[in-house]
Amino acid sequence: MQVQWYPGHMTKTRRQLEDRLGQVQIVIDVLDARAPAASSNPDLQQLVSGKKVLHVLNKADLADPQITAQWIRYFAERDEAAIPYSVPHDKAKLLKEEIVHISEPLLVRYEEKGVRKILRGLVAGVPNVGKSAILNRLLGTRRMEEGNRPGVTRSLQWAKIDPYLEILDSPGLLWPKFEDEKVGAVLALLGSVRREILDEEELACYLIRLLKGTDPDALTGRYGITDLEGEPYEILEAISRRRGFLLRGGDADTERGARTLLDEFRSGKLGRVSLEKPPR
């Protein structure tokens, strides 16, 4: 399925980021643990080249822990710092320790020069990946607006974590064109694209097709469906009927069924499901 979303404010955000990058020494690159590759913005990786980067695989409580461990090893093999993280379950101390760890060479350099410089970082990532929630965790207060939808943060904001650490929050940033249709579909599944522009039935069928191959128990366990041999739309009809979503005349209300399936995947009600494994 084809998904495109690059509103005008993202062009403005990219320009603002370019202007501010000279002020930051470290980048907290927030990825969705369920799909670290699809949620990695190639434009951002290019912009922050040369900076100290910490990949935070957020929403790890929603992802398959074994696959997340594979991703952490994948980054380690490439000499890239990465940690799994869950805002509702993990402490801010874990994040701060990793930030200090990747900043150590910079701090040593400042110490050698006899200066105590404020370290400045940037929290960045695609929409709805949890950047503001992570920053609020570091702050210990809900200062930055959060929301389980893309486009909540619309401007760049500095936040003082402690006397020697400041972090810049940034709006979610996509790139102008998804060369791989699968990337666009996975980002749509993660909620990084506004649902108003999506065909939710088509997207739900895409999810069913994925889960049939990688995690069929997520469907059978949640919806009590024993037969997954049919086409994705037929399975969506069966899910809708199991939930009692019927139109006048007895036809399955697949629109409501699709919306429910997508919401239950995003909230973790289908279990801990990962959409990607690291490349071999």
# chains A, B, ... in the order shown; residues from 1 in each chain; ligands from 1
$ select_by_dssp --residues "stretch 5-139 of chain A" --states "strand (DSSP E)" --output "PyMOL selection string"
chain A and resi 26-32+52-58+81-84+119-124
$ write_last_selection --atoms "N, CA and C atoms" --output "PDB file, in the first residue's frame"
ATOM      1  N   ILE A  26      25.135  16.147  21.379  1.00  0.00           N
ATOM      2  CA  ILE A  26      24.648  14.767  21.401  1.00  0.00           C
ATOM      3  C   ILE A  26      23.221  14.712  20.846  1.00  0.00           C
ATOM      4  N   VAL A  27      22.859  13.551  20.311  1.00  0.00           N
ATOM      5  CA  VAL A  27      21.519  13.365  19.737  1.00  0.00           C
ATOM      6  C   VAL A  27      20.901  12.110  20.343  1.00  0.00           C
ATOM      7  N   ILE A  28      19.708  12.267  20.895  1.00  0.00           N
ATOM      8  CA  ILE A  28      18.937  11.123  21.370  1.00  0.00           C
ATOM      9  C   ILE A  28      17.959  10.771  20.255  1.00  0.00           C
ATOM     10  N   ASP A  29      18.290   9.732  19.530  1.00  0.00           N
ATOM     11  CA  ASP A  29      17.527   9.311  18.353  1.00  0.00           C
ATOM     12  C   ASP A  29      16.479   8.304  18.802  1.00  0.00           C
ATOM     13  N   VAL A  30      15.231   8.749  18.919  1.00  0.00           N
ATOM     14  CA  VAL A  30      14.163   7.890  19.445  1.00  0.00           C
ATOM     15  C   VAL A  30      13.559   7.071  18.308  1.00  0.00           C
ATOM     16  N   LEU A  31      13.610   5.755  18.453  1.00  0.00           N
ATOM     17  CA  LEU A  31      13.060   4.829  17.476  1.00  0.00           C
ATOM     18  C   LEU A  31      11.931   4.045  18.132  1.00  0.00           C
ATOM     19  N   ASP A  32      11.053   3.471  17.328  1.00  0.00           N
ATOM     20  CA  ASP A  32      10.021   2.591  17.863  1.00  0.00           C
ATOM     21  C   ASP A  32      10.613   1.182  17.917  1.00  0.00           C
ATOM     22  N   LYS A  52      27.562  12.701  18.569  1.00  0.00           N
ATOM     23  CA  LYS A  52      27.400  11.530  19.422  1.00  0.00           C
ATOM     24  C   LYS A  52      25.916  11.182  19.447  1.00  0.00           C
ATOM     25  N   VAL A  53      25.587   9.929  19.101  1.00  0.00           N
ATOM     26  CA  VAL A  53      24.174   9.538  18.975  1.00  0.00           C
ATOM     27  C   VAL A  53      23.872   8.367  19.906  1.00  0.00           C
ATOM     28  N   LEU A  54      22.737   8.485  20.621  1.00  0.00           N
ATOM     29  CA  LEU A  54      22.212   7.382  21.416  1.00  0.00           C
ATOM     30  C   LEU A  54      20.862   6.987  20.812  1.00  0.00           C
ATOM     31  N   HIS A  55      20.766   5.753  20.310  1.00  0.00           N
ATOM     32  CA  HIS A  55      19.496   5.242  19.793  1.00  0.00           C
ATOM     33  C   HIS A  55      18.675   4.710  20.971  1.00  0.00           C
ATOM     34  N   VAL A  56      17.500   5.266  21.162  1.00  0.00           N
ATOM     35  CA  VAL A  56      16.600   4.799  22.221  1.00  0.00           C
ATOM     36  C   VAL A  56      15.445   4.045  21.575  1.00  0.00           C
ATOM     37  N   LEU A  57      15.405   2.727  21.792  1.00  0.00           N
ATOM     38  CA  LEU A  57      14.332   1.909  21.221  1.00  0.00           C
ATOM     39  C   LEU A  57      13.149   1.980  22.184  1.00  0.00           C
ATOM     40  N   ASN A  58      12.344   3.015  21.984  1.00  0.00           N
ATOM     41  CA  ASN A  58      11.244   3.300  22.896  1.00  0.00           C
ATOM     42  C   ASN A  58      10.056   2.358  22.630  1.00  0.00           C
ATOM     43  N   ALA A  81      25.663   3.270  20.030  1.00  0.00           N
ATOM     44  CA  ALA A  81      25.026   3.132  21.341  1.00  0.00           C
ATOM     45  C   ALA A  81      23.517   2.996  21.187  1.00  0.00           C
ATOM     46  N   ALA A  82      22.937   2.017  21.865  1.00  0.00           N
ATOM     47  CA  ALA A  82      21.484   1.797  21.780  1.00  0.00           C
ATOM     48  C   ALA A  82      20.990   1.137  23.055  1.00  0.00           C
ATOM     49  N   ILE A  83      19.803   1.550  23.496  1.00  0.00           N
ATOM     50  CA  ILE A  83      19.175   0.920  24.658  1.00  0.00           C
ATOM     51  C   ILE A  83      17.690   0.733  24.399  1.00  0.00           C
ATOM     52  N   PRO A  84      17.105  -0.350  24.954  1.00  0.00           N
ATOM     53  CA  PRO A  84      15.640  -0.472  24.926  1.00  0.00           C
ATOM     54  C   PRO A  84      15.071   0.391  26.042  1.00  0.00           C
ATOM     55  N   LEU A 119      26.243  20.861  28.562  1.00  0.00           N
ATOM     56  CA  LEU A 119      26.104  19.892  27.476  1.00  0.00           C
ATOM     57  C   LEU A 119      24.710  20.049  26.884  1.00  0.00           C
ATOM     58  N   ARG A 120      24.638  20.153  25.565  1.00  0.00           N
ATOM     59  CA  ARG A 120      23.333  20.326  24.913  1.00  0.00           C
ATOM     60  C   ARG A 120      23.048  19.146  23.983  1.00  0.00           C
ATOM     61  N   GLY A 121      21.837  18.644  24.104  1.00  0.00           N
ATOM     62  CA  GLY A 121      21.432  17.504  23.292  1.00  0.00           C
ATOM     63  C   GLY A 121      20.142  17.786  22.544  1.00  0.00           C
ATOM     64  N   LEU A 122      19.824  16.892  21.621  1.00  0.00           N
ATOM     65  CA  LEU A 122      18.604  16.997  20.817  1.00  0.00           C
ATOM     66  C   LEU A 122      17.865  15.674  20.900  1.00  0.00           C
ATOM     67  N   VAL A 123      16.557  15.729  21.190  1.00  0.00           N
ATOM     68  CA  VAL A 123      15.693  14.549  21.096  1.00  0.00           C
ATOM     69  C   VAL A 123      14.995  14.618  19.746  1.00  0.00           C
ATOM     70  N   ALA A 124      15.192  13.599  18.918  1.00  0.00           N
ATOM     71  CA  ALA A 124      14.634  13.643  17.560  1.00  0.00           C
ATOM     72  C   ALA A 124      14.085  12.279  17.167  1.00  0.00           C
TER      73      ALA A 124
END
$ residues_around --residues "A:Tyr233" --least-positions-apart "5" --cutoff "9 Å" --atoms "only C-alpha atoms" --output "PyMOL selection string"
chain A and resi 201-202+204-205+208+238+254
$ select_by_dssp --residues "stretch 77-245 of chain A" --states "helix (DSSP H, G or I)" --output "PyMOL selection string"
chain A and resi 77+92-112+131-139+181-190+195-197+200-214+217-223+232-242
$ write_last_selection --atoms "C-alpha atoms" --output "short mmCIF file (atom, residue, chain, number, x, y, z; two decimals), in the first residue's frame"
data_model
loop_
_atom_site.label_atom_id
_atom_site.label_comp_id
_atom_site.auth_asym_id
_atom_site.auth_seq_id
_atom_site.Cartn_x
_atom_site.Cartn_y
_atom_site.Cartn_z
CA GLU A 77 28.16 -4.64 16.24
CA ALA A 92 14.99 8.25 34.00
CA LYS A 93 18.26 7.24 35.67
CA LEU A 94 18.87 4.64 32.94
CA LEU A 95 18.60 7.30 30.23
CA LYS A 96 20.76 9.81 32.07
CA GLU A 97 23.50 7.23 32.63
CA GLU A 98 23.58 6.40 28.91
CA ILE A 99 23.63 10.09 27.97
CA VAL A 100 26.59 10.65 30.30
CA HIS A 101 28.30 7.55 28.91
CA ILE A 102 28.16 8.65 25.27
CA SER A 103 29.13 12.19 26.34
CA GLU A 104 32.20 11.06 28.28
CA PRO A 105 34.78 11.90 25.58
CA LEU A 106 33.32 15.41 25.32
CA LEU A 107 33.27 15.87 29.10
CA VAL A 108 36.91 14.74 29.36
CA ARG A 109 37.89 17.21 26.66
CA TYR A 110 36.13 20.05 28.52
CA GLU A 111 37.80 18.99 31.77
CA GLU A 112 41.24 19.02 30.16
CA LYS A 131 10.10 11.98 22.12
CA SER A 132 8.23 14.35 24.43
CA ALA A 133 7.36 11.51 26.82
CA ILE A 134 11.05 10.62 27.09
CA LEU A 135 11.98 14.24 27.71
CA ASN A 136 9.30 14.51 30.40
CA ARG A 137 10.79 11.39 32.01
CA LEU A 138 14.17 13.11 32.12
CA LEU A 139 12.59 16.28 33.54
CA GLU A 181 6.17 1.04 0.27
CA LYS A 182 6.63 -1.30 3.24
CA VAL A 183 8.32 1.48 5.25
CA GLY A 184 5.35 3.78 4.73
CA ALA A 185 2.90 1.03 5.70
CA VAL A 186 4.85 0.12 8.85
CA LEU A 187 5.03 3.79 9.90
CA ALA A 188 1.28 4.02 9.38
CA LEU A 189 0.80 0.95 11.59
CA LEU A 190 2.90 2.58 14.31
CA ARG A 195 -5.09 8.33 10.38
CA GLU A 196 -7.29 10.82 8.50
CA ILE A 197 -5.34 10.23 5.29
CA GLU A 200 -7.72 1.88 7.55
CA GLU A 201 -9.24 -1.27 6.06
CA GLU A 202 -6.33 -1.60 3.64
CA LEU A 203 -3.88 -0.95 6.48
CA ALA A 204 -5.60 -3.53 8.72
CA CYS A 205 -5.35 -6.09 5.91
CA TYR A 206 -1.65 -5.29 5.61
CA LEU A 207 -1.23 -5.93 9.36
CA ILE A 208 -3.14 -9.21 9.11
CA ARG A 209 -0.90 -10.31 6.24
CA LEU A 210 2.19 -9.51 8.32
CA LEU A 211 0.92 -11.26 11.45
CA LYS A 212 -0.14 -14.36 9.53
CA GLY A 213 3.49 -14.85 8.60
CA THR A 214 5.27 -13.71 11.76
CA ASP A 217 -1.03 -16.25 17.72
CA ALA A 218 -1.56 -12.50 18.04
CA LEU A 219 -4.71 -12.91 15.93
CA THR A 220 -5.93 -16.31 17.08
CA GLY A 221 -5.33 -15.55 20.76
CA ARG A 222 -7.03 -12.16 20.74
CA TYR A 223 -9.98 -12.86 18.46
CA PRO A 232 -6.68 -10.83 4.82
CA TYR A 233 -10.03 -9.16 4.07
CA GLU A 234 -11.87 -12.39 4.88
CA ILE A 235 -10.02 -12.57 8.20
CA LEU A 236 -10.92 -8.92 8.86
CA GLU A 237 -14.55 -9.84 8.26
CA ALA A 238 -14.23 -12.70 10.72
CA ILE A 239 -12.67 -10.40 13.34
CA SER A 240 -15.49 -7.90 12.85
CA ARG A 241 -18.12 -10.60 13.28
CA ARG A 242 -16.41 -11.99 16.38
#
